[in-house]
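The data block below is protein_17.csv; it holds CSV, C-alpha atoms.
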chain,number,residue,atom,x,y,z
A,1,ILE,CA,6.5,-8.5,-19.3
A,2,ALA,CA,4.6,-9.4,-22.4
A,3,ALA,CA,7.9,-9.6,-24.4
A,4,LEU,CA,9.5,-11.8,-21.7
A,5,ALA,CA,6.5,-14.1,-21.7
A,6,SER,CA,6.7,-14.3,-25.5
A,7,ARG,CA,10.4,-15.3,-25.4
A,8,LEU,CA,9.8,-17.9,-22.8
A,9,TYR,CA,6.9,-19.4,-24.8
A,10,VAL,CA,9.0,-19.5,-27.9
A,11,LYS,CA,11.8,-21.3,-26.1
A,12,LYS,CA,9.3,-23.8,-24.8
A,13,MET,CA,7.9,-24.3,-28.2
A,14,GLN,CA,11.3,-24.6,-29.9
A,15,SER,CA,12.1,-27.5,-27.6
A,16,SER,CA,8.8,-29.1,-28.3
A,17,VAL,CA,9.1,-29.1,-32.1
A,18,LEU,CA,12.2,-31.2,-32.1
A,19,PRO,CA,10.6,-34.6,-32.8
A,20,LEU,CA,8.6,-35.1,-36.0
A,21,SER,CA,5.5,-37.3,-35.5
A,22,ILE,CA,2.4,-38.3,-37.3
A,23,GLN,CA,-0.9,-38.5,-35.4
A,24,THR,CA,-3.9,-40.3,-36.8
A,25,ALA,CA,-7.6,-39.6,-36.4
A,26,LYS,CA,-10.4,-41.9,-37.4
A,27,ASN,CA,-13.7,-40.6,-38.8
A,28,CYS,CA,-12.5,-37.1,-38.4
A,29,CYS,CA,-14.3,-34.0,-39.5
A,30,VAL,CA,-12.3,-31.1,-41.0
A,31,HIS,CA,-13.9,-27.7,-41.0
A,32,PRO,CA,-13.0,-24.5,-43.0
A,33,TYR,CA,-11.4,-21.7,-41.0
A,34,HIS,CA,-12.5,-18.1,-40.5
A,35,PHE,CA,-9.9,-15.5,-39.6
A,36,GLU,CA,-11.0,-13.1,-36.9
A,37,LYS,CA,-9.0,-10.8,-34.5
A,38,GLY,CA,-5.8,-12.6,-35.2
A,39,LYS,CA,-7.1,-16.1,-34.7
A,40,PHE,CA,-7.9,-19.0,-37.1
A,41,ILE,CA,-11.3,-20.2,-35.9
A,42,GLY,CA,-12.3,-23.7,-37.1
A,43,GLY,CA,-10.4,-26.6,-38.4
A,44,PHE,CA,-11.5,-29.2,-35.9
A,45,ALA,CA,-13.9,-29.7,-33.0
A,46,SER,CA,-12.4,-28.7,-29.7
A,47,THR,CA,-13.3,-32.2,-28.2
A,48,ASP,CA,-11.1,-34.2,-30.6
A,49,VAL,CA,-8.5,-31.9,-32.2
A,50,LEU,CA,-5.1,-33.6,-32.4
A,51,GLU,CA,-2.1,-31.7,-31.0
A,52,ASN,CA,-0.3,-31.9,-34.4
A,53,ALA,CA,-3.3,-30.1,-36.0
A,54,ARG,CA,-3.0,-27.0,-33.9
A,55,MET,CA,-1.3,-23.8,-35.1
A,56,PRO,CA,1.3,-22.8,-32.5
A,57,GLY,CA,2.3,-19.1,-32.3
A,58,ALA,CA,4.7,-17.0,-30.3
A,59,LEU,CA,2.0,-16.0,-27.8
A,60,GLY,CA,0.1,-19.3,-27.7
A,61,PRO,CA,-2.0,-21.2,-30.3
A,62,ARG,CA,-3.1,-19.2,-33.3
A,63,ASP,CA,-6.2,-21.4,-33.9
A,64,VAL,CA,-9.4,-21.7,-32.0
A,65,PRO,CA,-11.1,-25.1,-32.5
A,66,LEU,CA,-14.9,-25.2,-32.7
A,67,THR,CA,-17.0,-25.8,-29.5
A,68,ASN,CA,-20.3,-26.6,-31.3
A,69,PRO,CA,-19.2,-27.7,-34.8
A,70,PRO,CA,-21.8,-28.5,-37.5
A,71,ARG,CA,-22.1,-32.0,-38.8
A,72,ALA,CA,-20.2,-33.2,-41.9
A,73,ASN,CA,-21.8,-32.5,-45.2
A,74,ARG,CA,-19.7,-35.2,-47.0
A,75,ARG,CA,-17.3,-38.0,-46.3
A,76,TYR,CA,-14.3,-39.5,-48.0
A,77,GLU,CA,-13.2,-43.2,-47.5
A,78,GLY,CA,-9.6,-44.1,-47.4
A,79,ARG,CA,-6.4,-42.5,-45.9
A,80,TYR,CA,-5.6,-38.8,-46.3
A,81,LEU,CA,-2.8,-36.4,-45.3
A,82,TYR,CA,-3.8,-33.2,-43.4
A,83,ALA,CA,-1.6,-30.2,-44.5
A,84,GLY,CA,-3.3,-27.4,-42.6
A,85,PRO,CA,-5.1,-24.1,-43.5
A,86,LEU,CA,-4.6,-22.6,-46.9
A,87,TRP,CA,-5.3,-19.1,-48.3
A,88,ASN,CA,-4.2,-17.1,-51.3
A,89,HIS,CA,-1.1,-15.3,-49.9
A,90,PHE,CA,2.3,-16.3,-51.4
A,91,GLY,CA,4.3,-15.7,-48.2
A,92,HIS,CA,1.9,-17.4,-45.9
A,93,VAL,CA,1.6,-20.5,-48.1
A,94,LEU,CA,5.3,-20.9,-47.8
A,95,VAL,CA,5.4,-20.1,-44.0
A,96,ASP,CA,2.2,-21.9,-42.9
A,97,CYS,CA,1.0,-24.4,-45.4
A,98,ILE,CA,3.9,-26.6,-46.6
A,99,HIS,CA,5.6,-27.8,-43.5
A,100,ARG,CA,3.5,-30.9,-42.8
A,101,LEU,CA,4.1,-32.3,-46.3
A,102,TRP,CA,7.4,-34.0,-45.3
A,103,ALA,CA,5.3,-37.1,-44.6
A,104,LEU,CA,4.7,-37.5,-48.3
A,105,LEU,CA,8.4,-38.2,-48.8
A,106,GLU,CA,8.2,-41.1,-46.3
A,107,ALA,CA,5.1,-42.8,-47.9
A,108,PRO,CA,4.5,-41.4,-51.4
A,109,ASP,CA,1.8,-43.9,-52.2
A,110,ARG,CA,0.0,-44.0,-48.9
A,111,TYR,CA,-2.5,-41.2,-49.3
A,112,GLU,CA,-5.6,-40.7,-51.5
A,113,ALA,CA,-5.1,-36.9,-51.3
A,114,ILE,CA,-3.6,-34.0,-49.4
A,115,VAL,CA,-6.2,-32.1,-47.4
A,116,PHE,CA,-6.1,-28.3,-47.0
A,117,ALA,CA,-8.7,-26.3,-45.1
A,118,ASN,CA,-9.9,-23.1,-46.7
A,119,VAL,CA,-9.6,-19.9,-44.7
A,120,GLN,CA,-12.8,-18.5,-46.1
A,121,ASN,CA,-12.4,-14.8,-45.4
A,122,LEU,CA,-8.8,-14.2,-46.2
A,123,ARG,CA,-8.1,-12.9,-49.8
A,124,ALA,CA,-11.3,-14.7,-50.9
A,125,SER,CA,-12.6,-14.0,-54.4
A,126,GLY,CA,-15.1,-16.0,-56.4
A,127,THR,CA,-15.2,-19.8,-56.2
A,128,PRO,CA,-12.9,-21.2,-53.4
A,129,LYS,CA,-9.9,-22.9,-55.0
A,130,VAL,CA,-6.3,-23.8,-54.3
A,131,PRO,CA,-3.9,-20.9,-55.3
A,132,SER,CA,-2.6,-21.6,-58.8
A,133,PHE,CA,1.1,-21.5,-57.7
A,134,VAL,CA,0.7,-24.3,-55.1
A,135,PRO,CA,0.8,-27.4,-57.4
A,136,PRO,CA,4.0,-26.1,-59.3
A,137,LEU,CA,5.6,-25.3,-55.9
A,138,LEU,CA,5.0,-28.8,-54.6
A,139,ASP,CA,6.3,-30.2,-57.8
A,140,LEU,CA,9.5,-28.2,-57.6
A,141,MET,CA,10.0,-29.4,-54.1
A,142,GLY,CA,10.0,-33.0,-55.4
A,143,LEU,CA,6.8,-34.0,-53.7
A,144,PRO,CA,4.9,-36.9,-55.4
A,145,THR,CA,2.0,-35.8,-57.5
A,146,THR,CA,-1.0,-36.2,-55.2
A,147,PRO,CA,-4.6,-34.9,-55.6
A,148,ILE,CA,-5.6,-32.0,-53.3
A,149,ILE,CA,-8.9,-31.7,-51.5
A,150,PHE,CA,-9.7,-28.1,-50.5
A,151,VAL,CA,-12.2,-28.2,-47.6
A,152,ASN,CA,-14.8,-25.5,-47.8
A,153,GLU,CA,-17.5,-27.2,-45.9
A,154,PRO,CA,-17.5,-29.7,-42.9
A,155,THR,CA,-16.0,-32.9,-44.4
A,156,GLU,CA,-15.3,-36.2,-42.7
A,157,PHE,CA,-12.4,-38.5,-43.5
A,158,GLU,CA,-12.2,-42.2,-42.7
A,159,THR,CA,-8.5,-41.9,-41.8
A,160,LEU,CA,-6.6,-38.6,-41.4
A,161,ASP,CA,-2.9,-38.5,-40.8
A,162,VAL,CA,-1.7,-35.2,-39.2
A,163,PRO,CA,2.1,-34.7,-39.4
A,164,ALA,CA,3.8,-32.4,-37.0
A,165,LEU,CA,4.9,-29.0,-38.4
A,166,GLY,CA,8.6,-29.1,-39.4
A,167,SER,CA,8.8,-25.3,-39.1
A,168,ILE,CA,6.6,-23.1,-37.0
A,169,TYR,CA,5.9,-19.4,-37.7
A,170,LYS,CA,7.9,-17.1,-35.3
A,171,ILE,CA,9.2,-20.2,-33.5
A,172,GLY,CA,11.6,-22.0,-35.8
A,173,LEU,CA,12.7,-25.3,-37.3
A,174,SER,CA,12.7,-28.7,-35.9
A,175,GLN,CA,16.1,-30.2,-36.1
A,176,ALA,CA,14.6,-33.4,-37.5
A,177,TYR,CA,13.1,-31.3,-40.3
A,178,GLN,CA,16.5,-30.3,-41.7
A,179,THR,CA,16.8,-33.7,-43.5
A,180,TYR,CA,13.6,-33.0,-45.4
A,181,LEU,CA,14.7,-29.5,-46.3
A,182,GLU,CA,18.0,-30.9,-47.7
A,183,ARG,CA,15.9,-33.3,-49.9
A,184,TYR,CA,13.7,-30.4,-51.1
A,185,GLN,CA,16.7,-28.3,-51.9
A,186,GLU,CA,18.4,-31.1,-53.8
A,187,VAL,CA,15.5,-31.5,-56.1
A,188,ILE,CA,15.0,-27.7,-56.5
A,189,SER,CA,18.7,-27.4,-57.4
A,190,GLU,CA,18.4,-30.0,-60.0
A,191,LYS,CA,15.3,-28.4,-61.5
A,192,THR,CA,16.9,-24.9,-61.7
A,193,ALA,CA,20.3,-26.0,-62.8
A,194,LEU,CA,19.9,-24.7,-66.4
A,195,PHE,CA,18.9,-21.3,-65.2
A,196,ARG,CA,21.5,-20.7,-62.5
A,197,GLY,CA,24.5,-20.1,-64.8
A,198,LYS,CA,22.7,-17.0,-66.2
A,199,THR,CA,21.3,-15.5,-63.1
A,200,PRO,CA,22.6,-12.5,-61.2
A,201,THR,CA,24.7,-12.8,-58.1
A,202,LYS,CA,23.4,-9.6,-56.4
A,203,ILE,CA,19.7,-9.2,-56.0
A,204,PHE,CA,17.4,-6.5,-54.5
A,205,TYR,CA,13.8,-7.3,-53.7
A,206,GLY,CA,11.9,-4.1,-53.2
A,207,ARG,CA,8.2,-3.3,-52.7
A,208,GLY,CA,7.7,-0.2,-54.7
A,209,HIS,CA,5.2,-2.2,-56.8
A,210,ALA,CA,3.3,-3.2,-53.6
A,211,LEU,CA,2.7,0.1,-51.8
A,212,ARG,CA,-0.9,-0.9,-51.3
A,213,ASP,CA,0.2,-3.8,-49.0
A,214,GLY,CA,3.0,-2.0,-47.1
A,215,ALA,CA,6.4,-0.7,-48.1
A,216,VAL,CA,9.2,1.5,-47.0
A,217,ILE,CA,8.5,4.9,-48.6
A,218,GLY,CA,11.7,6.2,-50.2
A,219,SER,CA,13.2,2.7,-50.7
A,220,SER,CA,13.4,3.3,-54.4
A,221,TYR,CA,16.4,5.5,-53.5
A,222,PHE,CA,18.2,2.5,-52.0
A,223,GLU,CA,17.2,0.5,-55.1
A,224,LYS,CA,18.8,3.0,-57.5
A,225,SER,CA,22.0,3.2,-55.5
A,226,LEU,CA,22.2,-0.6,-55.3
A,227,LYS,CA,21.9,-0.8,-59.0
A,228,HIS,CA,25.0,1.4,-59.2
A,229,ALA,CA,26.7,-1.3,-57.1
A,230,GLY,CA,25.8,-4.1,-59.5
A,231,PHE,CA,22.5,-5.3,-58.0
A,232,LEU,CA,19.6,-6.5,-60.1
A,233,SER,CA,16.2,-5.2,-58.9
A,234,CYS,CA,13.6,-8.1,-59.0
A,235,VAL,CA,9.9,-8.2,-58.8
A,236,PRO,CA,9.2,-11.8,-57.9
A,237,GLU,CA,5.6,-11.7,-59.2
A,238,GLU,CA,7.0,-11.2,-62.7
A,239,LEU,CA,9.2,-14.3,-62.5
A,240,SER,CA,8.3,-18.0,-62.6
A,241,LEU,CA,8.8,-20.0,-59.4
A,242,ARG,CA,11.6,-21.9,-61.1
A,243,LEU,CA,13.4,-18.7,-61.9
A,244,GLN,CA,12.8,-17.2,-58.5
A,245,PHE,CA,14.5,-20.3,-56.9
A,246,ALA,CA,17.3,-20.1,-59.4
A,247,TYR,CA,18.0,-16.5,-58.5
A,248,LEU,CA,17.9,-17.2,-54.8
A,249,LEU,CA,20.2,-20.2,-55.0
A,250,GLN,CA,22.8,-18.5,-57.2
A,251,ALA,CA,22.9,-15.2,-55.4
A,252,GLU,CA,25.9,-14.2,-53.3
A,253,GLU,CA,24.2,-11.0,-52.0
A,254,VAL,CA,20.5,-10.5,-51.3
A,255,ILE,CA,19.0,-7.3,-50.0
A,256,PHE,CA,15.2,-7.3,-49.4
A,257,GLU,CA,12.6,-4.9,-48.2
A,258,GLU,CA,10.8,-6.9,-45.5
A,259,GLY,CA,8.1,-9.0,-47.1
A,260,SER,CA,7.0,-12.2,-48.8
A,261,ALA,CA,9.7,-12.4,-51.5
A,262,ILE,CA,12.3,-13.9,-49.1
A,263,HIS,CA,9.9,-16.5,-47.8
A,264,LEU,CA,10.9,-18.6,-50.8
A,265,THR,CA,13.7,-19.8,-48.5
A,266,GLU,CA,11.2,-21.7,-46.5
A,267,PRO,CA,11.6,-25.1,-48.4
A,268,LEU,CA,15.4,-24.6,-48.6
A,269,HIS,CA,18.0,-25.9,-46.2
A,270,LYS,CA,20.8,-23.4,-46.8
A,271,ILE,CA,21.5,-20.5,-49.1
A,272,LYS,CA,25.0,-19.2,-49.8
A,273,ALA,CA,24.0,-15.5,-50.0
A,274,ASP,CA,24.7,-12.9,-47.4
A,275,VAL,CA,21.2,-11.6,-46.7
A,276,ARG,CA,20.4,-8.0,-45.5
A,277,MET,CA,16.9,-6.7,-44.7
A,278,LEU,CA,15.4,-3.2,-44.9
A,279,PRO,CA,12.8,-3.6,-42.1
A,280,ARG,CA,9.2,-2.4,-42.3
A,281,ARG,CA,8.3,-3.3,-38.7
A,282,PRO,CA,10.1,-2.5,-35.5
A,283,ASP,CA,10.4,-6.1,-34.4
A,284,PRO,CA,12.4,-8.2,-36.9
A,285,HIS,CA,11.8,-11.5,-35.0
A,286,VAL,CA,9.9,-13.3,-37.8
A,287,PHE,CA,12.6,-13.0,-40.3
A,288,ARG,CA,15.5,-13.4,-37.9
A,289,THR,CA,14.0,-16.7,-36.7
A,290,ALA,CA,13.4,-17.9,-40.3
A,291,LEU,CA,16.7,-16.8,-41.8
A,292,ASN,CA,19.4,-17.2,-39.2
A,293,PRO,CA,19.5,-21.0,-39.5
A,294,LYS,CA,19.7,-20.8,-43.4
A,295,CYS,CA,22.4,-18.2,-44.2
A,296,SER,CA,25.8,-17.4,-42.7
A,297,VAL,CA,25.0,-13.6,-42.7
A,298,PHE,CA,21.6,-12.1,-41.8
A,299,HIS,CA,21.9,-8.4,-41.3
A,300,ILE,CA,19.1,-5.9,-40.4
A,301,LEU,CA,20.0,-2.6,-41.9
A,302,ALA,CA,18.0,-0.3,-39.6
A,303,LYS,CA,17.7,-0.2,-35.8
A,304,GLN,CA,14.3,-0.9,-34.3
A,305,SER,CA,14.2,2.7,-32.9
A,306,ASN,CA,14.6,4.0,-36.5
A,307,VAL,CA,11.6,2.3,-37.9
A,308,PHE,CA,8.3,4.3,-37.9
A,309,GLN,CA,5.0,2.9,-39.2
A,310,LEU,CA,2.3,5.0,-40.7
A,311,PRO,CA,-1.4,4.0,-40.9
A,312,ASP,CA,-2.4,1.5,-43.7
A,313,ARG,CA,-4.7,2.4,-46.5
A,314,ASN,CA,-7.7,2.1,-44.2
A,315,GLY,CA,-6.2,4.2,-41.4
A,316,ASN,CA,-5.3,1.3,-39.2
A,317,MET,CA,-2.0,-0.1,-38.0
A,318,SER,CA,-1.5,-3.5,-39.7
A,319,PRO,CA,1.0,-5.6,-41.7
A,320,ALA,CA,0.0,-3.4,-44.7
A,321,SER,CA,1.2,-0.2,-42.9
A,322,LEU,CA,3.7,2.1,-44.7
A,323,THR,CA,7.0,2.6,-43.1
A,324,PHE,CA,9.6,5.4,-43.1
A,325,TYR,CA,13.0,5.7,-41.5
A,326,LYS,CA,13.4,8.6,-39.0
A,327,ASP,CA,17.1,8.7,-39.8
A,328,HIS,CA,17.4,7.6,-43.4
A,329,ASP,CA,21.1,8.6,-43.6
A,330,ALA,CA,21.9,6.1,-40.9
A,331,VAL,CA,20.4,3.3,-43.0
A,332,TYR,CA,22.3,4.4,-46.1
A,333,THR,CA,25.5,4.7,-44.2
A,334,GLU,CA,25.0,1.1,-43.0
A,335,LEU,CA,24.6,-0.1,-46.5
A,336,ALA,CA,27.6,1.8,-47.7
A,337,LYS,CA,29.8,-0.2,-45.3
A,338,PHE,CA,29.4,-3.2,-47.6
A,339,PHE,CA,28.9,-1.7,-51.1
A,340,ASP,CA,30.3,1.0,-53.2
A,341,LEU,CA,27.4,3.5,-53.3
A,342,PRO,CA,27.1,7.1,-54.5
A,343,ASP,CA,27.1,9.8,-51.9
A,344,PHE,CA,23.8,10.2,-50.1
A,345,ASP,CA,21.5,12.9,-51.4
A,346,LYS,CA,19.1,13.8,-48.7
A,347,ALA,CA,16.9,16.0,-50.8
A,348,HIS,CA,16.5,13.4,-53.5
A,349,TYR,CA,15.7,10.7,-50.9
A,350,GLU,CA,13.0,12.8,-49.3
A,351,ALA,CA,11.5,13.7,-52.7
A,352,LEU,CA,11.2,10.0,-53.5
A,353,GLU,CA,9.8,9.4,-50.0
A,354,LEU,CA,7.0,11.9,-50.7
A,355,GLN,CA,6.4,10.6,-54.2
A,356,ASP,CA,5.9,7.1,-52.7
A,357,LEU,CA,3.5,8.4,-50.1
A,358,LYS,CA,1.4,10.2,-52.8
A,359,ALA,CA,1.4,7.0,-54.9
A,360,ALA,CA,0.3,4.7,-52.2
A,361,PRO,CA,-3.4,3.8,-52.4
A,362,VAL,CA,-5.5,5.2,-49.5
A,363,LYS,CA,-9.2,5.1,-48.6
A,364,SER,CA,-9.7,8.8,-48.0
A,365,SER,CA,-8.0,12.2,-48.2
A,366,ALA,CA,-8.1,12.4,-44.4
A,367,ILE,CA,-5.9,9.3,-44.0
A,368,PHE,CA,-3.5,10.7,-46.6
A,369,LYS,CA,-3.3,14.0,-44.7
A,370,GLN,CA,-2.7,12.0,-41.4
A,371,ARG,CA,0.2,10.1,-43.0
A,372,LEU,CA,1.6,13.3,-44.5
A,373,ASN,CA,1.5,15.2,-41.2
A,374,ILE,CA,3.3,12.4,-39.4
A,375,LEU,CA,6.0,12.3,-42.0
A,376,GLN,CA,6.4,16.1,-42.1
A,377,ASN,CA,6.7,16.3,-38.4
A,378,TYR,CA,9.9,14.2,-38.6
A,379,ARG,CA,11.3,16.0,-41.7
Is it possible to give me this structure as structure tokens?
Amino acid sequence: IAALASRLYVKKMQSSVLPLSIQTAKNCCVHPYHFEKGKFIGGFASTDVLENARMPGALGPRDVPLTNPPRANRRYEGRYLYAGPLWNHFGHVLVDCIHRLWALLEAPDRYEAIVFANVQNLRASGTPKVPSFVPPLLDLMGLPTTPIIFVNEPTEFETLDVPALGSIYKIGLSQAYQTYLERYQEVISEKTALFRGKTPTKIFYGRGHALRDGAVIGSSYFEKSLKHAGFLSCVPEELSLRLQFAYLLQAEEVIFEEGSAIHLTEPLHKIKADVRMLPRRPDPHVFRTALNPKCSVFHILAKQSNVFQLPDRNGNMSPASLTFYKDHDAVYTELAKFFDLPDFDKAHYEALELQDLKAAPVKSSAIFKQRLNILQNYR
């Protein structure tokens, strides 16, 4: 019943995001957000929040406006563009934080600044600041250079324009937004042209370097086998944004372990690569929704029933949970339908799987033993 309700809500929201509009608020106070129990609390007062400023989600709004908001501590005169919440997570910046900025292309000189609201308790460290990769990202997208105000206290704006989201997490793209994605991609293509002639055509994005934040244990076996088939294994964090875009635009085949690396497709209209995913979660809806409109082939390499999640480093089930495949041979056989791979070595795979489990950070030996016992029960 819950799954059916979710699908019906998504269909409703998909139809509602078709038009792109800009709503305007006068003397509007923007508040920082606080993330709690899956909700973004803050942003605006519940009495005057604009519909465009909400955060739609597959099961209803992801945000909770404030019922008794504090008064503004400061005020800005002039006209500003509200972009939404912002926190230091590469994937979520691409998914959640850039899809109102299309309005800058319509009126590049209209705004004094872009306004982002800090999510104060997500990946916070030291003095609140805009993640360092955000300005270069906006520049690569061809957006006009515009100051950024990072709201970390209640702040009033004389005039605040709030564009509709062109793309909504777990729901999809507005048809009208496609034009802006084409414009972004045209600029990105121009700015990466010198790199693309030298970039690989087969790319593997793994997460062996990110075991702390969730990965498929044993995936290094897939990585080694794909190298045999001519794939280059990439760690996006080691590449500039410009080079990451160059790789993605030039590739003919992309295989990725479910995670943030592929979210670089968010400001793109189309990619020519066939894209295949090694899932970390049983439900692939997030990536299917994001990638199906952008590539001719999006292929999930493991059935939902084959994906088993282990507790995360704190002993909870979360996006940072480790994953293993109950039938690893089935996943390898699926890959081998498309690429010339060596014969599958079950013992070697399971040795690498155990090696990854031991290498993954964990809060206590009890949690490690819990993970190990679950894995061994299947092996």
*So which residues touch segment 322-330 of chain A within 6 Å, counting only C-alpha atoms, skipping near sequence neighbours fewer than 2 positions away, as a PyMOL selection string?*
chain A and resi 214-217+280+306-310+332-333
*atom CA of Leu94 of chain A and atom CA of Ala117 of chain A, how far apart in Å?*
15.2 Å
*Tell me which of A:Asp139, A:Glu153, A:Asp274, A:Glu334 sits closest to Ile203 of chain A, counting only C-alpha atoms.*
A:Asp274
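We find atom CA of Trp102 of chain A and atom CA of Arg276 of chain A to be spaced 29.1 Å apart.
Proximity of A:Gln175, A:Gln370, A:Thr155, A:Gln355 to Pro311 of chain A, computed with only C-alpha atoms, is greatest for A:Gln370.
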_Who sits within 7 Å of Gly57 of chain A, only C-alpha atoms, same chain under 5 positions skipped, as an MDAnalysis selection string_ = chainID A and resid 62 169:170
Could you write out the selected residues, including C-alpha atoms, as a tab-separated table (two decimals), in the coordinates of the input?
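The file below, again.tsv, is the result:
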chain	number	residue	atom	x	y	z
A	62	ARG	CA	-3.10	-19.20	-33.30
A	169	TYR	CA	5.90	-19.40	-37.70
A	170	LYS	CA	7.90	-17.10	-35.30
*Please provide the set of residues having any atom within 7 Å of segment 178-188 of chain A, restricted to only C-alpha atoms, with same-chain residues fewer than 3 positions apart removed, written as a PyMOL selection string.*
chain A and resi 102+140-142+175+191-192+267-269
Restricted to C-alpha atoms, what would the selected residues look like written as a tab-separated table (two decimals), in the frame of the given file?
chain	number	residue	atom	x	y	z
A	102	TRP	CA	7.40	-34.00	-45.30
A	140	LEU	CA	9.50	-28.20	-57.60
A	141	MET	CA	10.00	-29.40	-54.10
A	142	GLY	CA	10.00	-33.00	-55.40
A	175	GLN	CA	16.10	-30.20	-36.10
A	191	LYS	CA	15.30	-28.40	-61.50
A	192	THR	CA	16.90	-24.90	-61.70
A	267	PRO	CA	11.60	-25.10	-48.40
A	268	LEU	CA	15.40	-24.60	-48.60
A	269	HIS	CA	18.00	-25.90	-46.20
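With all atoms listed in the file as the atoms that count, the residue of A:Arg196, A:His263, A:Gly166, A:Leu211 with the shortest distance to Ala251 of chain A is A:Arg196.
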*What separation in Å, quoted to one decimal, exists between atom CA of Asn292 of chain A and atom CA of Phe231 of chain A?*
22.5 Å
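Within a radius of 7 Å around (17.3, -18.9, -45.9), the polymer residues are Thr265, Glu266, Leu268, Lys270, Ile271, Ala290, Leu291, Lys294 and Cys295 of chain A, counting only C-alpha atoms.
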*Within 12 Å of (-6.2, -38.6, -34.1), only C-alpha atoms: residues as a PyMOL selection string?*
chain A and resi 21-30+44-45+47-53+81-82+157-163
*From the list A:Leu122, A:Leu173, A:His31, A:Ile367, which residue is nearest His99 of chain A when using all atoms listed in the file?*
A:Leu173
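In this comparison, which uses only C-alpha atoms, the residue of A:Asp345, A:Glu223, A:Asp312, A:Glu77 approaching Glu112 of chain A most closely is A:Glu77.
Minimum atom-to-atom distances from A:Arg123, A:Lys272, A:Tyr177, A:Glu258 to Ala103 of chain A were compared using only C-alpha atoms, and the lowest value belongs to A:Tyr177.
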Name the residues in contact with segment 232-239 of chain A at a cut-off of 9 Å, using only C-alpha atoms, excluding same-chain residues fewer than 6 positions from it; report them as an mmCIF file with C-alpha atoms, in the coordinates of the input.
data_model
loop_
_atom_site.group_PDB
_atom_site.id
_atom_site.type_symbol
_atom_site.label_atom_id
_atom_site.label_comp_id
_atom_site.auth_asym_id
_atom_site.auth_seq_id
_atom_site.Cartn_x
_atom_site.Cartn_y
_atom_site.Cartn_z
ATOM 1 C CA PRO A 200 22.600 -12.500 -61.200
ATOM 2 C CA THR A 201 24.700 -12.800 -58.100
ATOM 3 C CA LYS A 202 23.400 -9.600 -56.400
ATOM 4 C CA ILE A 203 19.700 -9.200 -56.000
ATOM 5 C CA PHE A 204 17.400 -6.500 -54.500
ATOM 6 C CA TYR A 205 13.800 -7.300 -53.700
ATOM 7 C CA GLY A 206 11.900 -4.100 -53.200
ATOM 8 C CA ARG A 207 8.200 -3.300 -52.700
ATOM 9 C CA HIS A 209 5.200 -2.200 -56.800
ATOM 10 C CA GLU A 223 17.200 0.500 -55.100
ATOM 11 C CA LYS A 224 18.800 3.000 -57.500
ATOM 12 C CA LEU A 226 22.200 -0.600 -55.300
ATOM 13 C CA ALA A 261 9.700 -12.400 -51.500
#
